[in-house]
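Reproduced below: entry33.cif, with mmCIF, C-alpha atoms.
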data_data
loop_
_atom_site.label_atom_id
_atom_site.label_comp_id
_atom_site.auth_asym_id
_atom_site.auth_seq_id
_atom_site.Cartn_x
_atom_site.Cartn_y
_atom_site.Cartn_z
CA MET A 485 50.33 -17.63 219.38
CA TYR A 486 50.14 -20.72 221.58
CA ARG A 487 49.48 -21.99 225.08
CA ALA A 488 51.16 -24.94 226.79
CA GLN A 489 49.20 -28.12 227.48
CA GLU A 490 49.07 -29.27 231.09
CA LEU A 491 51.48 -32.04 232.02
CA ALA A 492 48.69 -34.54 232.79
CA PHE A 493 47.25 -34.09 229.28
CA ARG A 494 50.66 -34.43 227.66
CA THR A 495 51.15 -37.66 229.62
CA GLN A 496 47.80 -38.94 228.36
CA TYR A 497 48.85 -38.21 224.78
CA ALA A 498 52.24 -39.89 225.31
CA GLU A 499 50.60 -43.07 226.60
CA LEU A 500 48.25 -43.20 223.61
CA LYS A 501 51.14 -42.66 221.19
CA GLU A 502 53.24 -45.37 222.87
CA ARG A 503 50.47 -47.96 222.70
CA ALA A 504 49.55 -47.04 219.11
CA GLY A 505 53.20 -47.28 218.09
CA SER A 506 53.33 -50.95 219.08
CA ALA A 507 50.38 -51.87 216.83
CA ASP A 508 51.42 -53.57 213.59
CA VAL A 509 47.91 -53.29 212.14
CA LEU A 510 45.23 -50.69 212.79
CA LEU A 511 41.56 -51.38 212.12
CA ALA A 512 40.30 -49.16 209.30
CA GLY A 513 37.20 -47.06 209.91
CA THR A 514 35.13 -47.41 213.07
CA PRO A 515 36.01 -50.17 215.56
CA GLY A 516 32.93 -52.11 214.51
CA THR A 517 31.28 -55.19 216.00
CA LEU A 518 31.62 -58.92 215.43
CA VAL A 519 28.69 -60.67 213.76
CA LYS A 520 28.25 -64.38 213.01
CA ARG A 521 26.78 -65.34 209.63
CA GLN A 522 25.30 -68.82 209.19
CA GLY A 523 25.74 -70.06 205.63
CA THR A 524 25.36 -73.43 203.99
CA GLY A 525 27.61 -75.76 205.90
CA TYR A 526 29.69 -73.47 208.09
CA ALA A 527 29.26 -70.32 210.17
CA TYR A 528 31.71 -67.42 209.83
CA TRP A 529 32.46 -64.32 211.88
CA TYR A 530 32.66 -60.86 210.30
CA ARG A 531 33.60 -57.42 211.55
CA VAL A 532 30.84 -54.99 210.58
CA TYR A 533 32.12 -51.41 210.51
CA TYR A 534 31.98 -48.08 208.68
CA PRO A 535 35.10 -47.40 206.56
CA VAL A 536 33.71 -43.96 205.70
CA PRO A 537 30.71 -42.14 207.17
CA GLY A 538 27.42 -43.59 205.95
CA ARG A 539 28.92 -46.63 204.20
CA GLN A 540 28.83 -49.98 205.98
CA ALA A 541 31.29 -52.76 205.18
CA GLU A 542 32.15 -56.24 206.38
CA GLN A 543 35.55 -57.83 206.99
CA LEU A 544 35.87 -61.60 207.17
CA VAL A 545 37.36 -62.66 210.51
CA GLY A 546 37.30 -66.45 210.30
CA ARG A 547 35.33 -69.64 210.71
CA ASP A 548 33.20 -70.17 213.81
CA GLY A 549 35.25 -72.22 216.26
CA ASP A 550 38.59 -70.57 215.41
CA VAL A 551 38.91 -69.24 218.96
CA GLU A 552 42.42 -67.81 218.62
CA THR A 553 41.55 -65.68 215.58
CA LEU A 554 38.28 -64.50 217.11
CA GLU A 555 39.92 -63.49 220.38
CA GLY A 556 42.63 -61.64 218.46
CA PHE A 557 40.01 -59.57 216.64
CA GLU A 558 38.17 -58.90 219.89
CA ARG A 559 41.39 -57.47 221.34
CA GLN A 560 41.89 -55.31 218.24
CA ILE A 561 38.35 -53.95 218.49
CA GLU A 562 38.78 -53.22 222.20
CA PHE A 563 42.01 -51.36 221.48
CA ALA A 564 40.34 -49.40 218.66
CA GLN A 565 37.48 -48.45 221.00
CA TRP A 566 39.92 -47.33 223.69
CA THR A 567 41.92 -45.31 221.14
CA ALA A 568 38.80 -43.60 219.81
CA ALA A 569 37.77 -42.62 223.34
CA GLN A 570 41.25 -41.22 224.04
CA VAL A 571 41.23 -39.19 220.83
CA ARG A 572 37.80 -37.76 221.68
CA ASP A 573 39.11 -36.67 225.08
CA LEU A 574 42.24 -35.11 223.60
CA ARG A 575 40.21 -33.23 220.99
CA LYS A 576 38.20 -31.64 223.83
CA LEU A 577 41.52 -30.61 225.40
CA GLN A 578 42.43 -28.77 222.16
CA PHE A 579 44.88 -31.30 220.79
CA GLN A 580 45.04 -31.21 217.00
CA VAL A 581 42.89 -33.94 215.38
CA ALA A 582 42.59 -34.35 211.61
CA ASP A 583 39.39 -35.65 210.05
CA LYS A 584 38.27 -39.19 209.21
CA GLY A 585 39.38 -38.98 205.59
CA VAL A 586 42.95 -38.28 206.64
CA ALA A 587 42.72 -41.20 209.05
CA GLY A 588 41.53 -43.51 206.27
CA VAL A 589 44.53 -42.66 204.10
CA LEU A 590 47.18 -42.88 206.81
CA VAL A 591 45.79 -46.09 208.36
CA GLU A 592 45.97 -47.79 204.97
CA LEU A 593 49.54 -46.60 204.40
CA HIS A 594 50.47 -47.73 207.92
CA ASN A 595 49.03 -51.21 207.43
CA ARG A 596 50.97 -51.62 204.16
CA ALA A 597 54.25 -50.58 205.91
CA ILE A 598 54.61 -47.60 203.56
CA LEU A 599 54.85 -45.10 206.43
CA ARG A 600 57.68 -47.10 207.97
CA ALA A 601 59.59 -47.29 204.69
CA GLY A 602 60.71 -43.67 204.57
CA VAL A 603 57.53 -41.77 203.66
CA THR A 604 57.30 -38.64 205.82
CA LEU A 605 54.29 -36.45 206.60
CA VAL A 606 54.85 -32.79 205.72
CA GLY A 607 52.64 -29.72 205.21
CA THR A 608 49.93 -28.47 207.56
CA LEU A 609 49.27 -31.95 208.98
CA CYS A 610 52.93 -32.10 210.02
CA TYR A 611 52.48 -28.75 211.80
CA MET A 612 49.40 -30.07 213.61
CA ALA A 613 51.28 -33.20 214.67
CA TRP A 614 54.23 -31.20 216.01
CA LEU A 615 51.92 -29.01 218.09
CA ASN A 616 50.70 -32.17 219.82
CA GLU A 617 54.20 -33.59 220.16
CA LEU A 618 55.48 -30.36 221.72
CA GLY A 619 52.48 -29.96 224.03
CA ALA A 620 51.23 -26.71 222.52
CA LYS A 621 47.70 -25.44 221.87
CA ALA A 622 47.35 -23.16 218.84
CA VAL A 623 44.91 -22.35 216.08
CA SER A 624 45.49 -24.39 212.94
CA ALA A 625 43.69 -23.92 209.64
CA ARG A 626 41.88 -27.04 208.49
CA THR A 627 43.37 -28.67 205.43
CA GLN A 628 42.06 -30.93 202.70
CA ASP A 629 45.58 -31.83 201.58
CA ILE A 630 47.75 -34.69 202.74
CA ASP A 631 51.37 -33.98 201.76
CA LEU A 632 53.59 -37.05 201.78
CA ALA A 633 57.31 -36.74 201.13
CA ALA A 634 58.89 -39.88 199.71
CA ARG A 635 62.56 -40.52 199.45
CA GLN A 636 63.43 -41.84 196.01
CA LYS A 637 64.74 -45.02 197.66
CA LEU A 638 62.37 -46.49 200.22
CA ALA A 639 62.95 -49.32 202.68
CA LEU A 640 60.39 -51.65 201.10
CA GLY A 641 61.28 -55.29 200.43
CA VAL A 642 58.88 -55.42 197.49
CA PRO A 643 57.03 -52.58 195.73
CA ALA A 644 53.77 -51.44 197.36
CA SER A 645 51.29 -49.77 195.01
CA PHE A 646 50.34 -46.31 196.22
CA LEU A 647 47.25 -46.27 194.00
CA GLU A 648 46.05 -49.65 195.31
CA ALA A 649 46.41 -48.28 198.85
CA MET A 650 44.32 -45.24 197.92
CA ASP A 651 41.66 -47.45 196.29
CA ALA A 652 41.51 -49.57 199.46
CA THR A 653 40.47 -46.54 201.53
CA ARG A 654 37.05 -46.55 199.78
CA LEU A 655 37.26 -42.78 199.60
CA ASP A 656 36.74 -42.79 195.81
CA PHE A 657 40.03 -41.17 194.90
CA VAL A 658 40.89 -40.53 191.25
CA PRO A 659 44.36 -39.69 189.89
CA VAL A 660 44.93 -36.00 189.17
CA PRO A 661 46.17 -35.51 185.59
CA GLY A 662 49.81 -34.53 185.36
CA MET A 663 51.06 -31.20 184.05
CA PRO A 664 51.59 -31.34 181.11
CA SER A 665 48.81 -33.86 180.49
CA GLN A 666 51.16 -36.61 179.27
CA SER A 667 53.12 -36.53 182.54
CA PRO A 668 52.40 -39.23 185.16
CA SER A 669 50.10 -38.30 188.01
CA THR A 670 51.63 -37.42 191.37
CA SER A 671 48.35 -36.86 193.27
CA VAL A 672 44.93 -38.36 193.88
CA LYS A 673 41.81 -36.46 194.82
CA GLN A 674 38.21 -37.03 195.79
CA LYS A 675 35.61 -35.57 193.46
CA GLY A 676 34.31 -32.08 194.23
CA ARG A 677 36.01 -28.79 194.92
CA ASP A 678 36.48 -29.57 198.62
CA GLY A 679 37.48 -33.20 198.19
CA LEU A 680 40.51 -34.58 200.03
CA ARG A 681 43.74 -34.54 198.02
CA VAL A 682 46.88 -36.62 198.56
CA ASP A 683 50.14 -35.32 197.05
CA VAL A 684 53.38 -37.28 196.82
CA LEU A 685 56.46 -35.05 196.93
CA THR A 686 60.19 -35.60 196.78
CA HIS A 687 63.46 -33.67 196.58
CA GLY A 688 64.47 -31.96 193.37
CA ASP A 689 66.49 -28.99 192.21
CA ARG A 690 63.47 -27.26 190.66
CA LEU A 691 59.83 -27.10 191.65
CA GLY A 692 57.27 -29.24 189.86
CA LYS A 693 59.35 -31.81 188.02
CA THR A 694 57.85 -35.32 187.92
CA VAL A 695 60.08 -38.11 189.26
CA ALA A 696 59.26 -41.83 189.35
CA ILE A 697 59.11 -43.59 192.73
CA PRO A 698 59.34 -47.22 191.51
CA GLN A 699 58.78 -48.79 194.94
CA LEU A 700 55.39 -47.06 195.17
CA MET A 701 54.60 -47.74 191.49
CA TRP A 702 53.82 -44.03 191.37
CA SER A 703 55.46 -40.65 190.76
CA ALA A 704 56.25 -37.62 192.90
CA GLN A 705 56.54 -33.91 192.31
CA THR A 706 59.89 -32.36 193.18
CA VAL A 707 60.31 -29.59 195.75
CA PRO A 708 63.62 -27.77 196.24
CA HIS A 709 65.58 -28.48 199.42
CA TYR A 710 63.45 -31.41 200.57
CA ALA A 711 66.69 -33.36 201.10
CA TYR A 712 67.45 -30.89 203.91
CA LEU A 713 63.90 -31.06 205.28
CA LEU A 714 63.80 -34.87 205.36
CA ALA A 715 67.23 -35.53 206.88
CA GLU A 716 66.96 -37.71 210.00
CA PRO A 717 63.17 -37.53 210.51
CA ARG A 718 61.65 -38.16 213.94
CA GLN A 719 59.22 -40.85 215.06
CA ALA A 720 55.91 -39.25 216.06
CA ALA A 721 52.16 -39.67 215.56
CA LEU A 722 49.09 -37.94 214.16
CA LEU A 723 45.62 -37.97 215.70
CA ALA A 724 42.97 -38.33 212.99
CA GLY A 725 39.36 -39.43 213.14
CA GLY A 726 39.34 -41.97 215.98
CA HIS A 727 42.91 -43.10 215.35
CA CYS A 728 46.44 -42.42 216.52
CA ILE A 729 48.76 -43.27 213.62
CA SER A 730 52.48 -43.73 214.15
CA LEU A 731 54.56 -42.01 211.45
CA MET A 732 57.66 -39.98 210.68
CA LEU A 733 57.90 -36.17 210.77
CA PRO A 734 60.71 -33.83 209.70
CA GLN A 735 62.75 -32.38 212.53
CA PRO A 736 60.75 -29.40 213.83
CA GLU A 737 63.68 -26.97 213.54
CA ARG A 738 64.22 -27.89 209.88
CA PHE A 739 60.48 -27.66 209.34
CA VAL A 740 60.61 -24.07 210.66
CA TRP A 741 63.33 -23.03 208.23
CA HIS A 742 61.77 -24.76 205.22
CA LYS A 743 58.37 -23.18 206.01
CA LEU A 744 60.03 -19.76 206.11
CA PHE A 745 61.72 -20.53 202.80
CA SER A 746 58.34 -21.53 201.31
CA SER A 747 56.67 -18.38 202.65
CA ALA A 748 59.33 -16.22 201.01
CA SER A 749 58.95 -18.12 197.73
CA ARG A 750 55.14 -17.80 197.56
CA GLN A 751 54.75 -14.05 197.07
CA SER A 752 52.17 -14.65 194.31
CA PHE A 753 50.07 -16.63 196.86
CA PRO A 754 49.92 -14.26 199.86
CA GLU A 755 47.43 -16.37 201.86
CA LYS A 756 49.64 -19.48 201.64
CA ALA A 757 52.75 -17.42 202.35
CA GLU A 758 51.14 -16.00 205.50
CA LYS A 759 50.05 -19.47 206.65
CA ASP A 760 53.59 -20.80 206.21
CA LEU A 761 55.03 -17.85 208.13
CA VAL A 762 52.60 -18.23 211.04
CA GLN A 763 53.26 -21.97 211.31
CA ALA A 764 57.03 -21.41 211.29
CA ALA A 765 56.89 -18.60 213.83
CA THR A 766 54.58 -20.52 216.16
CA LEU A 767 56.72 -23.65 216.18
CA ALA A 768 59.85 -21.57 216.63
CA ALA A 769 58.33 -19.83 219.67
CA VAL A 770 57.37 -23.18 221.21
CA LEU A 771 60.79 -24.69 220.56
CA VAL A 772 62.74 -21.74 221.95
CA GLU A 773 60.53 -20.80 224.90
CA GLN A 774 59.37 -24.20 226.10
CA HIS A 775 62.22 -26.47 225.03
CA ASP A 776 65.28 -24.17 225.08
CA GLU A 777 65.98 -25.08 221.46
CA VAL A 778 68.80 -23.27 219.70
CA LEU A 779 67.92 -22.64 216.04
CA SER A 780 71.44 -21.81 214.88
CA ASP A 781 72.53 -25.42 214.28
CA SER A 782 69.61 -26.26 211.97
CA PHE A 783 70.04 -22.88 210.24
CA GLY A 784 73.71 -23.57 209.66
CA ASP A 785 72.88 -26.94 208.12
CA ALA A 786 70.41 -25.37 205.67
CA PRO A 787 71.42 -24.88 202.03
CA ALA A 788 72.81 -21.45 201.22
CA ALA A 789 69.76 -20.66 199.06
CA VAL A 790 67.45 -21.33 202.03
CA ARG A 791 69.52 -19.18 204.38
CA GLN A 792 69.60 -16.31 201.90
CA THR A 793 65.90 -16.49 201.06
CA VAL A 794 64.56 -16.62 204.63
CA LYS A 795 66.35 -13.36 205.46
CA LYS A 796 63.58 -11.64 203.47
CA ARG A 797 61.10 -12.75 206.14
CA LEU A 798 62.78 -11.02 209.08
CA PRO A 799 60.44 -7.96 209.00
CA ALA A 800 57.40 -10.25 209.00
CA LEU A 801 58.92 -12.33 211.82
CA ARG A 802 59.39 -9.16 213.86
CA ARG A 803 55.66 -8.51 213.60
CA ALA A 804 54.65 -12.14 214.24
CA LEU A 805 56.96 -12.58 217.24
CA ALA A 806 56.53 -9.15 218.86
CA ALA A 807 55.21 -10.86 222.02
CA HIS A 808 57.92 -13.54 221.93
CA PRO A 809 61.25 -11.73 222.40
CA GLN A 810 63.17 -14.90 223.26
CA ALA A 811 62.39 -16.46 219.88
CA LEU A 812 62.75 -13.18 217.98
CA GLU A 813 66.19 -12.64 219.49
CA GLN A 814 67.44 -15.82 217.82
CA PHE A 815 66.02 -14.80 214.42
CA GLU A 816 67.58 -11.33 214.75
CA ALA A 817 70.96 -12.86 215.48
CA LEU A 818 70.77 -15.28 212.54
CA LEU A 819 69.00 -13.17 209.91
CA GLY A 820 69.80 -9.59 210.85
#

Structure translated into structure tokens:
Amino acid sequence: MYRAQELAFRTQYAELKERAGSADVLLAGTPGTLVKRQGTGYAYWYRVYYPVPGRQAEQLVGRDGDVETLEGFERQIEFAQWTAAQVRDLRKLQFQVADKGVAGVLVELHNRAILRAGVTLVGTLCYMAWLNELGAKAVSARTQDIDLAARQKLALGVPASFLEAMDATRLDFVPVPGMPSQSPSTSVKQKGRDGLRVDVLTHGDRLGKTVAIPQLMWSAQTVPHYAYLLAEPRQAALLAGGHCISLMLPQPERFVWHKLFSSASRQSFPEKAEKDLVQAATLAAVLVEQHDEVLSDSFGDAPAAVRQTVKKRLPALRRALAAHPQALEQFEALLG
């Protein structure tokens, strides 16, 4: 199910994450180059870059002669170039790297402080990020979904428009109509069947209810037991495009139990149920075998409905973890 990364490679990832975590602003798109434009009267410097593949853009840096501003941008570009080189190396070493579209979304949310305000990355991208954090190599299905879990009270001093952030990515997102049609949208999507989609989720007692998130000037779709999943999230990072974006992830043990709950609740979608089961089993094996994690505490903290539902997945876990007796032993003790 997985292989461990070598210590030297994990150290390389840790250094990249540490340096990226200290950056207040990340340059969107490619690092770009500085170009001076001579107009009528004054000369100005611009950063010429590609926000999305095949589309060039310019960002005003400042007036010619503003040495401090120019040097600051030069340092940002150098850091972006170094980061992109590190991410390329880590991709070759089988670290999980999401695509440029994902990077565009998360960089914009980072720069607007939305990711630091209590918005947590969940879904398959969270699984990919935890594989990197735990130093594990495993196969991960590519995803065109970005699942963002927002607490209904975020640590934002003033509201930050989610839709304006999505427009700023230049990825041509459009709001997805709500269900029923008069309900507010909770998602945006690029045009086309395979276009990138961004979903905003939150806790709720029943699946699919629309709840306003006033601080994002947007709405979210409710998912049962997200309050459990999002309790005390961890600081981490995601590699995407040429970027390393600092963000928050659910605790991996809670992620395991909620994924198992989702897999048991998706019997009408067998492919998604199987994906959730494999992700949960893989992370559980890494946690137990490589990090001596005990799953009983996080299981005991889970709502009774989660504990009862995941017991249905014990036969499937026996098959998935046949080669991982140490992890299976814990599931047998808790679910048997």

Just so the selection is clear, what residues does the PyMOL selection byres ((chain A and resi 593-605) around 9) cover here, as a short mmCIF file (atom, residue, chain, number, x, y, z; two decimals) with C-alpha atoms, in the frame of the given file?
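After the write, selection-v7.cif holds the following:
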data_model
loop_
_atom_site.label_atom_id
_atom_site.label_comp_id
_atom_site.auth_asym_id
_atom_site.auth_seq_id
_atom_site.Cartn_x
_atom_site.Cartn_y
_atom_site.Cartn_z
CA ASP A 508 51.42 -53.57 213.59
CA VAL A 509 47.91 -53.29 212.14
CA LEU A 510 45.23 -50.69 212.79
CA LEU A 511 41.56 -51.38 212.12
CA GLY A 588 41.53 -43.51 206.27
CA VAL A 589 44.53 -42.66 204.10
CA LEU A 590 47.18 -42.88 206.81
CA VAL A 591 45.79 -46.09 208.36
CA GLU A 592 45.97 -47.79 204.97
CA VAL A 606 54.85 -32.79 205.72
CA GLY A 607 52.64 -29.72 205.21
CA LEU A 609 49.27 -31.95 208.98
CA CYS A 610 52.93 -32.10 210.02
CA ILE A 630 47.75 -34.69 202.74
CA ASP A 631 51.37 -33.98 201.76
CA LEU A 632 53.59 -37.05 201.78
CA ALA A 633 57.31 -36.74 201.13
CA ALA A 634 58.89 -39.88 199.71
CA ARG A 635 62.56 -40.52 199.45
CA LYS A 637 64.74 -45.02 197.66
CA LEU A 638 62.37 -46.49 200.22
CA ALA A 639 62.95 -49.32 202.68
CA LEU A 640 60.39 -51.65 201.10
CA ALA A 644 53.77 -51.44 197.36
CA PHE A 646 50.34 -46.31 196.22
CA ALA A 649 46.41 -48.28 198.85
CA MET A 650 44.32 -45.24 197.92
CA LEU A 700 55.39 -47.06 195.17
CA LEU A 714 63.80 -34.87 205.36
CA PRO A 717 63.17 -37.53 210.51
CA ILE A 729 48.76 -43.27 213.62
CA SER A 730 52.48 -43.73 214.15
CA LEU A 731 54.56 -42.01 211.45
CA MET A 732 57.66 -39.98 210.68
CA LEU A 733 57.90 -36.17 210.77
CA PRO A 734 60.71 -33.83 209.70
#

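Considering all atoms listed in the file, the residue among A:Leu500, A:Ile561, A:Val545, A:Met485 positioned nearest to Ala769 in chain A is A:Met485.
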
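Put simply, CA of Gln751 in chain A is 15.4 Å away from CA of Leu801 in chain A.
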
Extract, using all atoms listed in the file, all DNA, RNA and protein residues at most 12 Å from Leu779 in chain A, discarding same-chain residues fewer than 5 positions from it, and format them as a CSV table (one decimal) with C-alpha atoms, in the coordinates of the input.
chain,number,residue,atom,x,y,z
A,735,GLN,CA,62.8,-32.4,212.5
A,736,PRO,CA,60.8,-29.4,213.8
A,737,GLU,CA,63.7,-27.0,213.5
A,738,ARG,CA,64.2,-27.9,209.9
A,739,PHE,CA,60.5,-27.7,209.3
A,740,VAL,CA,60.6,-24.1,210.7
A,741,TRP,CA,63.3,-23.0,208.2
A,764,ALA,CA,57.0,-21.4,211.3
A,765,ALA,CA,56.9,-18.6,213.8
A,767,LEU,CA,56.7,-23.6,216.2
A,768,ALA,CA,59.8,-21.6,216.6
A,769,ALA,CA,58.3,-19.8,219.7
A,770,VAL,CA,57.4,-23.2,221.2
A,771,LEU,CA,60.8,-24.7,220.6
A,772,VAL,CA,62.7,-21.7,222.0
A,773,GLU,CA,60.5,-20.8,224.9
A,784,GLY,CA,73.7,-23.6,209.7
A,785,ASP,CA,72.9,-26.9,208.1
A,786,ALA,CA,70.4,-25.4,205.7
A,810,GLN,CA,63.2,-14.9,223.3
A,811,ALA,CA,62.4,-16.5,219.9
A,812,LEU,CA,62.8,-13.2,218.0
A,813,GLU,CA,66.2,-12.6,219.5
A,814,GLN,CA,67.4,-15.8,217.8
A,815,PHE,CA,66.0,-14.8,214.4
A,816,GLU,CA,67.6,-11.3,214.8
A,817,ALA,CA,71.0,-12.9,215.5
A,818,LEU,CA,70.8,-15.3,212.5
A,819,LEU,CA,69.0,-13.2,209.9

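Residues within 12 Å of Phe563 in chain A, counting all atoms listed in the file and excluding same-chain residues fewer than 4 positions away, are A:Leu500, A:Arg503, A:Ala504, A:Ser506, A:Ala507, A:Val509, A:Leu510, A:Leu511, A:Thr514, A:Pro515, A:Gly516, A:Gly556, A:Phe557, A:Glu558, A:Arg559, A:Thr567, A:Ala568, A:Ala569, A:Gln570, A:Gly726, A:His727, A:Cys728.
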
Just the selected residues (C-alpha atoms), exported as a PDB file, in the frame of the given file, please.
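Output file again.pdb is given in full below:
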ATOM      1  CA  LEU A 500      48.250 -43.200 223.610  1.00  0.00           C
ATOM      2  CA  ARG A 503      50.470 -47.960 222.700  1.00  0.00           C
ATOM      3  CA  ALA A 504      49.550 -47.040 219.110  1.00  0.00           C
ATOM      4  CA  SER A 506      53.330 -50.950 219.080  1.00  0.00           C
ATOM      5  CA  ALA A 507      50.380 -51.870 216.830  1.00  0.00           C
ATOM      6  CA  VAL A 509      47.910 -53.290 212.140  1.00  0.00           C
ATOM      7  CA  LEU A 510      45.230 -50.690 212.790  1.00  0.00           C
ATOM      8  CA  LEU A 511      41.560 -51.380 212.120  1.00  0.00           C
ATOM      9  CA  THR A 514      35.130 -47.410 213.070  1.00  0.00           C
ATOM     10  CA  PRO A 515      36.010 -50.170 215.560  1.00  0.00           C
ATOM     11  CA  GLY A 516      32.930 -52.110 214.510  1.00  0.00           C
ATOM     12  CA  GLY A 556      42.630 -61.640 218.460  1.00  0.00           C
ATOM     13  CA  PHE A 557      40.010 -59.570 216.640  1.00  0.00           C
ATOM     14  CA  GLU A 558      38.170 -58.900 219.890  1.00  0.00           C
ATOM     15  CA  ARG A 559      41.390 -57.470 221.340  1.00  0.00           C
ATOM     16  CA  THR A 567      41.920 -45.310 221.140  1.00  0.00           C
ATOM     17  CA  ALA A 568      38.800 -43.600 219.810  1.00  0.00           C
ATOM     18  CA  ALA A 569      37.770 -42.620 223.340  1.00  0.00           C
ATOM     19  CA  GLN A 570      41.250 -41.220 224.040  1.00  0.00           C
ATOM     20  CA  GLY A 726      39.340 -41.970 215.980  1.00  0.00           C
ATOM     21  CA  HIS A 727      42.910 -43.100 215.350  1.00  0.00           C
ATOM     22  CA  CYS A 728      46.440 -42.420 216.520  1.00  0.00           C
TER      23      CYS A 728
END

Q) Can you list what the PyMOL selection byres ((chain A and resi 534) around 12) grabs from this structure, as a VMD selection string? A) chain A and resid 511 to 517 531 to 533 535 to 543 584 588 653 to 655

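Going from CA of Arg626 in chain A over to CA of Gly725 in chain A, you cover 13.5 Å.
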
Q. Using the chain letters and numbers from the file, which residues does the PyMOL selection byres ((chain A and resi 678) around 12) grab, as a PyMOL selection string?
A. chain A and resi 626-629+673-677+679-681

Q: Within 8 Å of Trp529 in chain A, counting all atoms listed in the file, which residues show up once you throw out same-chain ones fewer than 2 positions away? Write them as a ChimeraX atom specification, please.
A: /A:518-521,527,531,544-548,554

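Comparing A:Thr553, A:Gln578, A:Ser780, A:Thr524 by their smallest distance to Glu490 in chain A, the closest is A:Gln578 (using all atoms listed in the file).
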
From the coordinates I just gave you, please extract range 758-763 of chain A so that only all heavy atoms remain, then output it as a PDB file, in the first residue's frame.
ATOM      1  N   GLU A 758     -14.883   2.841  -2.409  1.00  0.00           N
ATOM      2  CA  GLU A 758     -13.624   2.110  -2.426  1.00  0.00           C
ATOM      3  C   GLU A 758     -12.440   3.056  -2.282  1.00  0.00           C
ATOM      4  O   GLU A 758     -11.468   2.753  -1.578  1.00  0.00           O
ATOM      5  CB  GLU A 758     -13.504   1.310  -3.719  1.00  0.00           C
ATOM      6  CG  GLU A 758     -12.238   0.472  -3.834  1.00  0.00           C
ATOM      7  CD  GLU A 758     -12.149  -0.633  -2.805  1.00  0.00           C
ATOM      8  OE1 GLU A 758     -13.183  -0.985  -2.192  1.00  0.00           O
ATOM      9  OE2 GLU A 758     -11.041  -1.163  -2.596  1.00  0.00           O
ATOM     10  N   LYS A 759     -12.505   4.209  -2.953  1.00  0.00           N
ATOM     11  CA  LYS A 759     -11.423   5.193  -2.834  1.00  0.00           C
ATOM     12  C   LYS A 759     -11.283   5.662  -1.388  1.00  0.00           C
ATOM     13  O   LYS A 759     -10.167   5.747  -0.871  1.00  0.00           O
ATOM     14  CB  LYS A 759     -11.714   6.395  -3.741  1.00  0.00           C
ATOM     15  CG  LYS A 759     -10.631   7.475  -3.701  1.00  0.00           C
ATOM     16  CD  LYS A 759     -11.041   8.718  -4.476  1.00  0.00           C
ATOM     17  CE  LYS A 759     -12.114   9.503  -3.736  1.00  0.00           C
ATOM     18  NZ  LYS A 759     -12.389  10.814  -4.363  1.00  0.00           N
ATOM     19  N   ASP A 760     -12.404   5.954  -0.737  1.00  0.00           N
ATOM     20  CA  ASP A 760     -12.354   6.399   0.658  1.00  0.00           C
ATOM     21  C   ASP A 760     -11.760   5.311   1.553  1.00  0.00           C
ATOM     22  O   ASP A 760     -10.957   5.599   2.445  1.00  0.00           O
ATOM     23  CB  ASP A 760     -13.762   6.757   1.155  1.00  0.00           C
ATOM     24  CG  ASP A 760     -14.271   8.062   0.577  1.00  0.00           C
ATOM     25  OD1 ASP A 760     -13.447   8.864   0.088  1.00  0.00           O
ATOM     26  OD2 ASP A 760     -15.499   8.294   0.617  1.00  0.00           O
ATOM     27  N   LEU A 761     -12.146   4.067   1.315  1.00  0.00           N
ATOM     28  CA  LEU A 761     -11.632   2.963   2.128  1.00  0.00           C
ATOM     29  C   LEU A 761     -10.128   2.816   1.951  1.00  0.00           C
ATOM     30  O   LEU A 761      -9.387   2.659   2.936  1.00  0.00           O
ATOM     31  CB  LEU A 761     -12.326   1.661   1.752  1.00  0.00           C
ATOM     32  CG  LEU A 761     -11.804   0.442   2.507  1.00  0.00           C
ATOM     33  CD1 LEU A 761     -12.483   0.318   3.863  1.00  0.00           C
ATOM     34  CD2 LEU A 761     -11.944  -0.834   1.716  1.00  0.00           C
ATOM     35  N   VAL A 762      -9.650   2.855   0.714  1.00  0.00           N
ATOM     36  CA  VAL A 762      -8.218   2.688   0.452  1.00  0.00           C
ATOM     37  C   VAL A 762      -7.422   3.818   1.095  1.00  0.00           C
ATOM     38  O   VAL A 762      -6.356   3.584   1.687  1.00  0.00           O
ATOM     39  CB  VAL A 762      -7.958   2.615  -1.061  1.00  0.00           C
ATOM     40  CG1 VAL A 762      -6.464   2.710  -1.362  1.00  0.00           C
ATOM     41  CG2 VAL A 762      -8.527   1.319  -1.631  1.00  0.00           C
ATOM     42  N   GLN A 763      -7.916   5.046   0.975  1.00  0.00           N
ATOM     43  CA  GLN A 763      -7.203   6.168   1.586  1.00  0.00           C
ATOM     44  C   GLN A 763      -7.135   6.011   3.096  1.00  0.00           C
ATOM     45  O   GLN A 763      -6.079   6.225   3.710  1.00  0.00           O
ATOM     46  CB  GLN A 763      -7.886   7.486   1.213  1.00  0.00           C
ATOM     47  CG  GLN A 763      -7.729   7.861  -0.257  1.00  0.00           C
ATOM     48  CD  GLN A 763      -8.392   9.188  -0.594  1.00  0.00           C
ATOM     49  OE1 GLN A 763      -8.959   9.864   0.274  1.00  0.00           O
ATOM     50  NE2 GLN A 763      -8.328   9.568  -1.864  1.00  0.00           N
TER      51      GLN A 763
END
